[in-house]
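Below is the file run_27.pdb, which contains PDB, C-alpha atoms and all ligand atoms.
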ATOM      1  CA  MET A  12     -89.686 -37.070-103.704  1.00  0.00           C
ATOM      2  CA  ASN A  13     -86.221 -38.350-104.526  1.00  0.00           C
ATOM      3  CA  ALA A  14     -83.375 -38.860-102.057  1.00  0.00           C
ATOM      4  CA  MET A  15     -81.614 -35.617-103.079  1.00  0.00           C
ATOM      5  CA  SER A  16     -84.604 -33.413-102.284  1.00  0.00           C
ATOM      6  CA  THR A  17     -85.452 -35.059 -98.950  1.00  0.00           C
ATOM      7  CA  ARG A  18     -81.844 -34.885 -97.746  1.00  0.00           C
ATOM      8  CA  VAL A  19     -82.012 -31.166 -97.063  1.00  0.00           C
ATOM      9  CA  THR A  20     -85.623 -30.691 -96.092  1.00  0.00           C
ATOM     10  CA  THR A  21     -84.973 -31.127 -92.360  1.00  0.00           C
ATOM     11  CA  SER A  22     -82.178 -29.621 -90.313  1.00  0.00           C
ATOM     12  CA  SER A  23     -81.388 -33.050 -88.834  1.00  0.00           C
ATOM     13  CA  ALA A  24     -79.727 -34.041 -92.127  1.00  0.00           C
ATOM     14  CA  LEU A  25     -77.695 -30.856 -92.271  1.00  0.00           C
ATOM     15  CA  GLN A  26     -74.620 -29.696 -90.416  1.00  0.00           C
ATOM     16  CA  VAL A  27     -75.789 -27.248 -87.778  1.00  0.00           C
ATOM     17  CA  LEU A  28     -73.545 -24.202 -87.367  1.00  0.00           C
ATOM     18  CA  PHE A  29     -75.610 -22.540 -84.627  1.00  0.00           C
ATOM     19  CA  SER A  30     -78.425 -24.384 -82.895  1.00  0.00           C
ATOM     20  CA  ARG A  31     -81.745 -22.759 -82.064  1.00  0.00           C
ATOM     21  CA  GLN A  32     -80.658 -22.716 -78.397  1.00  0.00           C
ATOM     22  CA  GLN A  33     -77.379 -20.932 -79.194  1.00  0.00           C
ATOM     23  CA  ILE A  34     -79.257 -18.440 -81.352  1.00  0.00           C
ATOM     24  CA  ALA A  35     -81.816 -17.777 -78.603  1.00  0.00           C
ATOM     25  CA  VAL A  36     -79.074 -17.078 -76.046  1.00  0.00           C
ATOM     26  CA  ARG A  37     -77.225 -14.692 -78.371  1.00  0.00           C
ATOM     27  CA  VAL A  38     -80.361 -12.867 -79.534  1.00  0.00           C
ATOM     28  CA  ALA A  39     -81.365 -12.333 -75.893  1.00  0.00           C
ATOM     29  CA  GLU A  40     -77.911 -10.816 -75.244  1.00  0.00           C
ATOM     30  CA  LEU A  41     -78.333  -8.468 -78.206  1.00  0.00           C
ATOM     31  CA  GLY A  42     -81.755  -7.471 -76.877  1.00  0.00           C
ATOM     32  CA  ARG A  43     -80.257  -6.571 -73.501  1.00  0.00           C
ATOM     33  CA  GLN A  44     -77.517  -4.566 -75.193  1.00  0.00           C
ATOM     34  CA  ILE A  45     -80.121  -2.617 -77.205  1.00  0.00           C
ATOM     35  CA  ASP A  46     -82.168  -2.015 -74.034  1.00  0.00           C
ATOM     36  CA  ARG A  47     -79.101  -0.539 -72.345  1.00  0.00           C
ATOM     37  CA  ASP A  48     -78.166   1.617 -75.347  1.00  0.00           C
ATOM     38  CA  TYR A  49     -81.669   3.032 -75.859  1.00  0.00           C
ATOM     39  CA  ALA A  50     -82.867   3.218 -72.245  1.00  0.00           C
ATOM     40  CA  GLY A  51     -85.728   5.716 -71.992  1.00  0.00           C
ATOM     41  CA  GLN A  52     -85.993   6.096 -75.787  1.00  0.00           C
ATOM     42  CA  SER A  53     -87.930   4.518 -78.654  1.00  0.00           C
ATOM     43  CA  VAL A  54     -86.433   2.536 -81.521  1.00  0.00           C
ATOM     44  CA  VAL A  55     -87.613   1.501 -84.968  1.00  0.00           C
ATOM     45  CA  LEU A  56     -86.468  -1.957 -85.986  1.00  0.00           C
ATOM     46  CA  LEU A  57     -86.101  -1.703 -89.729  1.00  0.00           C
ATOM     47  CA  GLY A  58     -85.972  -5.231 -91.117  1.00  0.00           C
ATOM     48  CA  VAL A  59     -84.528  -6.142 -94.486  1.00  0.00           C
ATOM     49  CA  LEU A  60     -86.877  -8.633 -96.116  1.00  0.00           C
ATOM     50  CA  LYS A  61     -86.953 -11.493 -96.288  1.00  0.00           C
ATOM     51  CA  GLY A  62     -83.887 -12.902 -94.597  1.00  0.00           C
ATOM     52  CA  ALA A  63     -84.107 -10.814 -91.423  1.00  0.00           C
ATOM     53  CA  ALA A  64     -87.787 -11.519 -90.695  1.00  0.00           C
ATOM     54  CA  ILE A  65     -87.176 -14.306 -88.173  1.00  0.00           C
ATOM     55  CA  PHE A  66     -84.218 -12.579 -86.512  1.00  0.00           C
ATOM     56  CA  LEU A  67     -86.254  -9.370 -86.184  1.00  0.00           C
ATOM     57  CA  SER A  68     -89.219 -11.148 -84.651  1.00  0.00           C
ATOM     58  CA  ASP A  69     -87.031 -12.849 -82.032  1.00  0.00           C
ATOM     59  CA  LEU A  70     -84.930  -9.755 -81.381  1.00  0.00           C
ATOM     60  CA  ALA A  71     -88.041  -7.615 -80.925  1.00  0.00           C
ATOM     61  CA  ARG A  72     -89.350  -9.987 -78.264  1.00  0.00           C
ATOM     62  CA  ASN A  73     -86.101  -9.576 -76.375  1.00  0.00           C
ATOM     63  CA  ILE A  74     -86.303  -5.790 -76.352  1.00  0.00           C
ATOM     64  CA  LYS A  75     -88.110  -3.983 -73.580  1.00  0.00           C
ATOM     65  CA  VAL A  76     -87.709  -0.384 -74.798  1.00  0.00           C
ATOM     66  CA  ASP A  77     -90.545   1.137 -76.800  1.00  0.00           C
ATOM     67  CA  CYS A  78     -90.218  -0.282 -80.303  1.00  0.00           C
ATOM     68  CA  THR A  79     -91.953  -0.294 -83.685  1.00  0.00           C
ATOM     69  CA  PHE A  80     -91.250  -2.221 -86.890  1.00  0.00           C
ATOM     70  CA  ASP A  81     -90.812  -1.247 -90.499  1.00  0.00           C
ATOM     71  CA  PHE A  82     -89.485  -3.235 -93.434  1.00  0.00           C
ATOM     72  CA  VAL A  83     -87.627  -2.667 -96.671  1.00  0.00           C
ATOM     73  CA  ALA A  84     -86.847  -5.103 -99.434  1.00  0.00           C
ATOM     74  CA  VAL A  85     -83.854  -5.031-101.732  1.00  0.00           C
ATOM     75  CA  SER A  86     -82.814  -7.098-104.692  1.00  0.00           C
ATOM     76  CA  SER A  87     -80.971 -10.193-103.543  1.00  0.00           C
ATOM     77  CA  TYR A  88     -78.553 -12.739-104.906  1.00  0.00           C
ATOM     78  CA  GLY A  89     -81.245 -14.462-106.927  1.00  0.00           C
ATOM     79  CA  LYS A  90     -81.079 -18.201-107.147  1.00  0.00           C
ATOM     80  CA  GLY A  91     -77.466 -19.046-106.419  1.00  0.00           C
ATOM     81  CA  GLN A  92     -74.748 -18.247-103.890  1.00  0.00           C
ATOM     82  CA  GLN A  93     -73.009 -15.425-105.775  1.00  0.00           C
ATOM     83  CA  THR A  94     -73.913 -11.743-105.617  1.00  0.00           C
ATOM     84  CA  THR A  95     -74.319  -9.678-108.757  1.00  0.00           C
ATOM     85  CA  GLY A  96     -73.159  -6.613-106.844  1.00  0.00           C
ATOM     86  CA  ALA A  97     -76.209  -4.574-107.836  1.00  0.00           C
ATOM     87  CA  VAL A  98     -78.510  -3.469-105.014  1.00  0.00           C
ATOM     88  CA  LYS A  99     -81.978  -2.169-105.799  1.00  0.00           C
ATOM     89  CA  LEU A 100     -84.708  -1.005-103.439  1.00  0.00           C
ATOM     90  CA  ILE A 101     -87.852  -3.028-104.096  1.00  0.00           C
ATOM     91  CA  LYS A 102     -89.878  -1.881-101.099  1.00  0.00           C
ATOM     92  CA  ASP A 103     -89.335   1.376 -99.205  1.00  0.00           C
ATOM     93  CA  VAL A 104     -90.209   2.132 -95.567  1.00  0.00           C
ATOM     94  CA  ASP A 105     -93.874   2.745 -94.768  1.00  0.00           C
ATOM     95  CA  HIS A 106     -93.187   5.510 -92.235  1.00  0.00           C
ATOM     96  CA  ALA A 107     -90.818   8.484 -92.261  1.00  0.00           C
ATOM     97  CA  ILE A 108     -87.639   7.815 -90.290  1.00  0.00           C
ATOM     98  CA  GLU A 109     -86.680  11.437 -89.710  1.00  0.00           C
ATOM     99  CA  ASP A 110     -85.636  12.137 -86.100  1.00  0.00           C
ATOM    100  CA  LYS A 111     -86.114   8.470 -85.085  1.00  0.00           C
ATOM    101  CA  ASN A 112     -83.684   5.951 -83.635  1.00  0.00           C
ATOM    102  CA  ILE A 113     -83.330   3.429 -86.428  1.00  0.00           C
ATOM    103  CA  ILE A 114     -81.762  -0.002 -86.172  1.00  0.00           C
ATOM    104  CA  ILE A 115     -81.435  -1.682 -89.551  1.00  0.00           C
ATOM    105  CA  VAL A 116     -81.932  -5.394 -88.886  1.00  0.00           C
ATOM    106  CA  GLU A 117     -80.238  -7.678 -91.397  1.00  0.00           C
ATOM    107  CA  ASP A 118     -79.582 -11.400 -91.510  1.00  0.00           C
ATOM    108  CA  ILE A 119     -76.014 -11.346 -92.864  1.00  0.00           C
ATOM    109  CA  LEU A 120     -73.383  -8.711 -93.398  1.00  0.00           C
ATOM    110  CA  ASP A 121     -71.462 -10.280 -96.264  1.00  0.00           C
ATOM    111  CA  THR A 122     -69.789  -8.106 -98.939  1.00  0.00           C
ATOM    112  CA  GLY A 123     -71.391  -5.062 -97.284  1.00  0.00           C
ATOM    113  CA  LEU A 124     -72.981  -3.847-100.515  1.00  0.00           C
ATOM    114  CA  THR A 125     -76.555  -4.117 -99.247  1.00  0.00           C
ATOM    115  CA  LEU A 126     -76.013  -2.489 -95.879  1.00  0.00           C
ATOM    116  CA  SER A 127     -73.818   0.317 -97.166  1.00  0.00           C
ATOM    117  CA  PHE A 128     -76.478   1.079 -99.794  1.00  0.00           C
ATOM    118  CA  LEU A 129     -79.223   1.120 -97.148  1.00  0.00           C
ATOM    119  CA  HIS A 130     -77.148   2.993 -94.583  1.00  0.00           C
ATOM    120  CA  LYS A 131     -76.304   5.741 -97.073  1.00  0.00           C
ATOM    121  CA  MET A 132     -79.903   5.991 -98.229  1.00  0.00           C
ATOM    122  CA  PHE A 133     -81.394   6.165 -94.726  1.00  0.00           C
ATOM    123  CA  GLN A 134     -78.770   8.622 -93.530  1.00  0.00           C
ATOM    124  CA  GLN A 135     -80.126  11.108 -96.072  1.00  0.00           C
ATOM    125  CA  HIS A 136     -83.503  10.944 -94.315  1.00  0.00           C
ATOM    126  CA  LYS A 137     -81.942  12.433 -91.164  1.00  0.00           C
ATOM    127  CA  PRO A 138     -82.784   9.860 -88.497  1.00  0.00           C
ATOM    128  CA  ARG A 139     -81.877  10.782 -84.905  1.00  0.00           C
ATOM    129  CA  SER A 140     -79.533   7.793 -84.899  1.00  0.00           C
ATOM    130  CA  LEU A 141     -78.815   4.965 -87.327  1.00  0.00           C
ATOM    131  CA  ARG A 142     -77.326   1.639 -86.306  1.00  0.00           C
ATOM    132  CA  ILE A 143     -77.038  -1.825 -87.778  1.00  0.00           C
ATOM    133  CA  ALA A 144     -77.863  -5.194 -86.210  1.00  0.00           C
ATOM    134  CA  ALA A 145     -76.663  -8.188 -88.204  1.00  0.00           C
ATOM    135  CA  LEU A 146     -77.255 -11.710 -86.999  1.00  0.00           C
ATOM    136  CA  LEU A 147     -74.206 -12.979 -88.878  1.00  0.00           C
ATOM    137  CA  ASP A 148     -71.066 -11.231 -90.039  1.00  0.00           C
ATOM    138  CA  LYS A 149     -68.662 -12.593 -92.653  1.00  0.00           C
ATOM    139  CA  PRO A 150     -65.801 -10.075 -92.325  1.00  0.00           C
ATOM    140  CA  SER A 151     -63.539 -11.924 -94.777  1.00  0.00           C
ATOM    141  CA  ARG A 152     -66.061 -11.325 -97.585  1.00  0.00           C
ATOM    142  CA  ARG A 153     -66.221  -7.554 -97.235  1.00  0.00           C
ATOM    143  CA  LEU A 154     -65.887  -5.451-100.410  1.00  0.00           C
ATOM    144  CA  ILE A 155     -66.974  -2.196 -98.760  1.00  0.00           C
ATOM    145  CA  LYS A 156     -65.863  -0.908 -95.374  1.00  0.00           C
ATOM    146  CA  ILE A 157     -68.881  -1.196 -93.107  1.00  0.00           C
ATOM    147  CA  GLU A 158     -69.412  -2.679 -89.650  1.00  0.00           C
ATOM    148  CA  ALA A 159     -72.519  -3.611 -87.715  1.00  0.00           C
ATOM    149  CA  ASP A 160     -73.110  -2.160 -84.252  1.00  0.00           C
ATOM    150  CA  TYR A 161     -74.718  -5.386 -83.043  1.00  0.00           C
ATOM    151  CA  VAL A 162     -73.473  -8.725 -84.364  1.00  0.00           C
ATOM    152  CA  GLY A 163     -74.850 -12.128 -83.420  1.00  0.00           C
ATOM    153  CA  PHE A 164     -72.000 -14.303 -84.653  1.00  0.00           C
ATOM    154  CA  SER A 165     -68.956 -13.793 -86.863  1.00  0.00           C
ATOM    155  CA  ILE A 166     -68.414 -16.628 -89.307  1.00  0.00           C
ATOM    156  CA  PRO A 167     -65.876 -17.551 -91.980  1.00  0.00           C
ATOM    157  CA  ASN A 168     -66.734 -17.611 -95.670  1.00  0.00           C
ATOM    158  CA  GLN A 169     -69.447 -20.265 -95.510  1.00  0.00           C
ATOM    159  CA  PHE A 170     -72.864 -20.207 -97.142  1.00  0.00           C
ATOM    160  CA  VAL A 171     -75.549 -20.746 -94.540  1.00  0.00           C
ATOM    161  CA  ILE A 172     -79.252 -21.462 -94.567  1.00  0.00           C
ATOM    162  CA  GLY A 173     -82.053 -21.501 -92.017  1.00  0.00           C
ATOM    163  CA  TYR A 174     -83.419 -19.097 -89.397  1.00  0.00           C
ATOM    164  CA  GLY A 175     -84.636 -16.854 -92.212  1.00  0.00           C
ATOM    165  CA  MET A 176     -81.731 -17.371 -94.588  1.00  0.00           C
ATOM    166  CA  ASP A 177     -82.336 -19.028 -97.908  1.00  0.00           C
ATOM    167  CA  TYR A 178     -80.853 -20.764-100.838  1.00  0.00           C
ATOM    168  CA  ALA A 179     -83.046 -20.015-103.888  1.00  0.00           C
ATOM    169  CA  GLU A 180     -85.862 -19.024-101.468  1.00  0.00           C
ATOM    170  CA  ARG A 181     -85.797 -22.398 -99.690  1.00  0.00           C
ATOM    171  CA  PHE A 182     -84.772 -23.399 -96.159  1.00  0.00           C
ATOM    172  CA  ARG A 183     -85.737 -20.129 -94.455  1.00  0.00           C
ATOM    173  CA  ASN A 184     -87.921 -22.129 -92.070  1.00  0.00           C
ATOM    174  CA  LEU A 185     -85.124 -24.298 -90.641  1.00  0.00           C
ATOM    175  CA  PRO A 186     -84.965 -23.431 -86.933  1.00  0.00           C
ATOM    176  CA  ASP A 187     -81.168 -23.790 -86.771  1.00  0.00           C
ATOM    177  CA  ILE A 188     -78.501 -22.016 -88.827  1.00  0.00           C
ATOM    178  CA  CYS A 189     -77.024 -24.735 -91.023  1.00  0.00           C
ATOM    179  CA  LEU A 190     -74.231 -25.023 -93.548  1.00  0.00           C
ATOM    180  CA  MET A 191     -75.327 -25.243 -97.156  1.00  0.00           C
ATOM    181  CA  PRO A 192     -74.153 -28.635 -98.432  1.00  0.00           C
ATOM    182  CA  PRO A 193     -71.434 -27.901-101.031  1.00  0.00           C
ATOM    183  CA  ASP A 194     -72.749 -30.661-103.320  1.00  0.00           C
ATOM    184  CA  TYR A 195     -76.311 -29.290-103.421  1.00  0.00           C
ATOM    185  CA  PRO A 196     -77.366 -29.051-107.090  1.00  0.00           C
ATOM    186  CA  GLU A 197     -77.655 -25.537-108.602  1.00  0.00           C
TER
HETATM  187  P1  LIG A 201     -74.091  -8.322 -98.992  1.00  0.00           P
HETATM  188  O1  LIG A 201     -74.742  -7.210 -99.715  1.00  0.00           O
HETATM  189  O2  LIG A 201     -73.080  -9.046 -99.819  1.00  0.00           O
HETATM  190  O3  LIG A 201     -73.539  -7.936 -97.644  1.00  0.00           O
HETATM  191  O4  LIG A 201     -75.164  -9.441 -98.807  1.00  0.00           O
HETATM  192  C1  LIG A 201     -76.162  -9.410 -97.918  1.00  0.00           C
HETATM  193  C2  LIG A 201     -77.232 -10.393 -98.298  1.00  0.00           C
HETATM  194  O5  LIG A 201     -76.741 -11.514 -99.035  1.00  0.00           O
HETATM  195  C3  LIG A 201     -77.798 -11.003 -97.042  1.00  0.00           C
HETATM  196  O6  LIG A 201     -78.790 -10.191 -96.515  1.00  0.00           O
HETATM  197  C4  LIG A 201     -78.336 -12.316 -97.545  1.00  0.00           C
HETATM  198  O7  LIG A 201     -79.622 -12.136 -98.076  1.00  0.00           O
HETATM  199  C5  LIG A 201     -77.403 -12.697 -98.667  1.00  0.00           C
HETATM  200  N1  LIG A 201     -76.413 -13.679 -98.174  1.00  0.00           N
HETATM  201  C6  LIG A 201     -75.109 -13.489 -97.972  1.00  0.00           C
HETATM  202  N2  LIG A 201     -74.526 -14.590 -97.496  1.00  0.00           N
HETATM  203  C7  LIG A 201     -75.508 -15.498 -97.385  1.00  0.00           C
HETATM  204  C8  LIG A 201     -75.545 -16.853 -96.904  1.00  0.00           C
HETATM  205  O8  LIG A 201     -74.540 -17.449 -96.472  1.00  0.00           O
HETATM  206  N3  LIG A 201     -76.755 -17.451 -96.933  1.00  0.00           N
HETATM  207  C9  LIG A 201     -77.885 -16.847 -97.372  1.00  0.00           C
HETATM  208  N4  LIG A 201     -77.895 -15.599 -97.805  1.00  0.00           N
HETATM  209  C10 LIG A 201     -76.716 -14.923 -97.814  1.00  0.00           C
END
Re-express the file's structure as C-alpha cells.
Amino acid sequence: MNAMSTRVTTSSALQVLFSRQQIAVRVAELGRQIDRDYAGQSVVLLGVLKGAAIFLSDLARNIKVDCTFDFVAVSSYGKGQQTTGAVKLIKDVDHAIEDKNIIIVEDILDTGLTLSFLHKMFQQHKPRSLRIAALLDKPSRRLIKIEADYVGFSIPNQFVIGYGMDYAERFRNLPDICLMPPDYPE
C-alpha cells in the first residue's frame, strides 16, 4: 500500500466534521422528535441504499414507536463528486406503502433531485403520511425546492464521507463524518 492510499483509510488522518459522539447525540434527538410526532402510531423507515443504511440503523434504535424497515435503491453519482442529474430506481420497496406512515431516510439532501423523485413517486402510492429524514442537508446546493422534515445537520457545500457516505463506494465504514480531502485523486 502506498502513502496516498493509507492516508485516507482511517478517520484519524481525515478532518472530522461531525464526530461519532456528535452524531449519536443528534440522532437520538431526531428519534425523540419522531416518537413525539408518531405517538401511538406505526412508521415505516424507508431507507435509500446505500448511503442511509448506517443512519437508518442508528435512528431506528432511537425510536420507540412501532416501526418497520424497507429499502429502495436509486442510481447515484457514480465514481466522482458530481451528479449527472438523472435519477433511476434500481430497487423498489418490498411492501406496499399505501395508508402507512412513511419516513424516507436519506443520508444527504444535496441538489434535491433524488428526494424529489422519490417523494413524487411514493406520493402516488397514497401513503397515510410521507416525510423525509435527512442526516445532512446542503441547502446551498439545491436545484429543486424540497425540504426534509427531520434534518441532522445543515452543512455548506462540502463533500463528505463516512457514516454510510462514500466516495466511489469507499469510506462508508468510517464512524465519523469527515471532509473529503480536496487533493484525493479521481
Ligand atoms: P441529490 O439528489 O443531489 O440531493 O443527492 C443525493 C445523493 O447524492 C445522496 O444521497 C448521496 O448519495 C450523494 N451525495 C451528495 N453529496 C454527497 C457527499 O458530500 N458525500 C457523499 N455522497 C453525497
Review point. Using all atoms listed in the file, which residues sit within 10 Å of range 118-125 of chain A once same-chain residues fewer than 2 positions away are excluded, as a PyMOL selection string?
Key: chain A and resi 58-67+85-87+94+96-100+116+127-130+143-159+162-166+168+171+174-176
Point to revise | Interatomic distance, CA of Phe82 in chain A to CA of Val104 in chain A (Å, one decimal) | key: 5.8 Å
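Taking all atoms listed in the file, the non-local environment of Asp105 in chain A within 10 Å (same-chain residues fewer than 4 positions away omitted) comprises A:Phe80, A:Asp81, A:Phe82, A:Val83.
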**Study point:** Nearest to Tyr161 in chain A by atom-to-atom distance, counting all atoms listed in the file, from A:Gly42, A:Pro138, A:Pro193, A:Gly173
**Key:**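 The shortest atom-to-atom distance to Tyr161 in chain A comes from A:Gly42.
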Under the PyMOL selection byres (((chain A and resi 29) around 12) and not hetatm), which residues of this model are included? Write them out as a PDB file with C-alpha atoms, in the coordinates of the input.
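Result written to out_5.pdb:
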ATOM      1  CA  SER A  22     -82.178 -29.621 -90.313  1.00  0.00           C
ATOM      2  CA  LEU A  25     -77.695 -30.856 -92.271  1.00  0.00           C
ATOM      3  CA  GLN A  26     -74.620 -29.696 -90.416  1.00  0.00           C
ATOM      4  CA  VAL A  27     -75.789 -27.248 -87.778  1.00  0.00           C
ATOM      5  CA  LEU A  28     -73.545 -24.202 -87.367  1.00  0.00           C
ATOM      6  CA  SER A  30     -78.425 -24.384 -82.895  1.00  0.00           C
ATOM      7  CA  ARG A  31     -81.745 -22.759 -82.064  1.00  0.00           C
ATOM      8  CA  GLN A  32     -80.658 -22.716 -78.397  1.00  0.00           C
ATOM      9  CA  GLN A  33     -77.379 -20.932 -79.194  1.00  0.00           C
ATOM     10  CA  ILE A  34     -79.257 -18.440 -81.352  1.00  0.00           C
ATOM     11  CA  ALA A  35     -81.816 -17.777 -78.603  1.00  0.00           C
ATOM     12  CA  VAL A  36     -79.074 -17.078 -76.046  1.00  0.00           C
ATOM     13  CA  ARG A  37     -77.225 -14.692 -78.371  1.00  0.00           C
ATOM     14  CA  VAL A  38     -80.361 -12.867 -79.534  1.00  0.00           C
ATOM     15  CA  LEU A 146     -77.255 -11.710 -86.999  1.00  0.00           C
ATOM     16  CA  LEU A 147     -74.206 -12.979 -88.878  1.00  0.00           C
ATOM     17  CA  GLY A 163     -74.850 -12.128 -83.420  1.00  0.00           C
ATOM     18  CA  PHE A 164     -72.000 -14.303 -84.653  1.00  0.00           C
ATOM     19  CA  SER A 165     -68.956 -13.793 -86.863  1.00  0.00           C
ATOM     20  CA  ILE A 166     -68.414 -16.628 -89.307  1.00  0.00           C
ATOM     21  CA  VAL A 171     -75.549 -20.746 -94.540  1.00  0.00           C
ATOM     22  CA  ILE A 172     -79.252 -21.462 -94.567  1.00  0.00           C
ATOM     23  CA  GLY A 173     -82.053 -21.501 -92.017  1.00  0.00           C
ATOM     24  CA  TYR A 174     -83.419 -19.097 -89.397  1.00  0.00           C
ATOM     25  CA  LEU A 185     -85.124 -24.298 -90.641  1.00  0.00           C
ATOM     26  CA  PRO A 186     -84.965 -23.431 -86.933  1.00  0.00           C
ATOM     27  CA  ASP A 187     -81.168 -23.790 -86.771  1.00  0.00           C
ATOM     28  CA  ILE A 188     -78.501 -22.016 -88.827  1.00  0.00           C
ATOM     29  CA  CYS A 189     -77.024 -24.735 -91.023  1.00  0.00           C
ATOM     30  CA  LEU A 190     -74.231 -25.023 -93.548  1.00  0.00           C
TER      31      LEU A 190
END
Practice item. Determine the nearest neighbour of ligand LIG 201 (chain A) from the options A:Ala84, A:Gln135, A:Lys102, A:Ser68, counting only C-alpha atoms and all ligand atoms. Key: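 Under the stated criterion, the closest residue is A:Ala84.
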Exercise for review: Using all atoms listed in the file, determine which residues lie at most 10 Å from Ile113 in chain A, disregarding the query and same-chain residues fewer than 2 positions distant; provide the list as a PyMOL selection string.
Suggested key: chain A and resi 53-57+78-81+108-111+115-116+133-134+138-143
Point to revise | Nearest residue to ligand LIG 201 (chain A) from the set A:Asn184, A:Asn112, A:Gln169, A:Gln52 (distances using all atoms listed in the file) | key: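 The shortest atom-to-atom distance to ligand LIG 201 (chain A) comes from A:Gln169.
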Review point. How far is it from CA of Ala71 in chain A to CA of Arg181 in chain A, in Å with one decimal?
Key: 24.0 Å
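The two atoms in question, atom C4 of ligand LIG 201 (chain A) and CA of Arg43 in chain A, are spaced 24.8 Å apart.
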Exercise for review: Kindly indicate which residue among A:Leu70, A:Ile45, A:Ile114, A:Leu126 lies nearest to ligand LIG 201 (chain A), using only C-alpha atoms and all ligand atoms for the distances.
Suggested key: A:Leu126
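Taking all atoms listed in the file into account, Tyr195 in chain A lies nearest to A:Phe170 out of the set A:Phe170, A:Ile101, A:Lys75, A:Arg183.
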Determine the axis-aligned bounding box of all atoms of ligand LIG 201 (chain A) present in the file, pad each side by 5 Å, and express its centre and edge lengths in Å to one decimal place as AutoDock Vina command-line options.
--center_x -76.4 --center_y -12.3 --center_z -98.1 --size_x 16.5 --size_y 20.2 --size_z 13.3
Review point. With all atoms listed in the file as the atoms that count, which of A:Glu117, A:Ala107, A:His136, A:Asp160 lies nearest to ligand LIG 201 (chain A)?
Key: A:Glu117
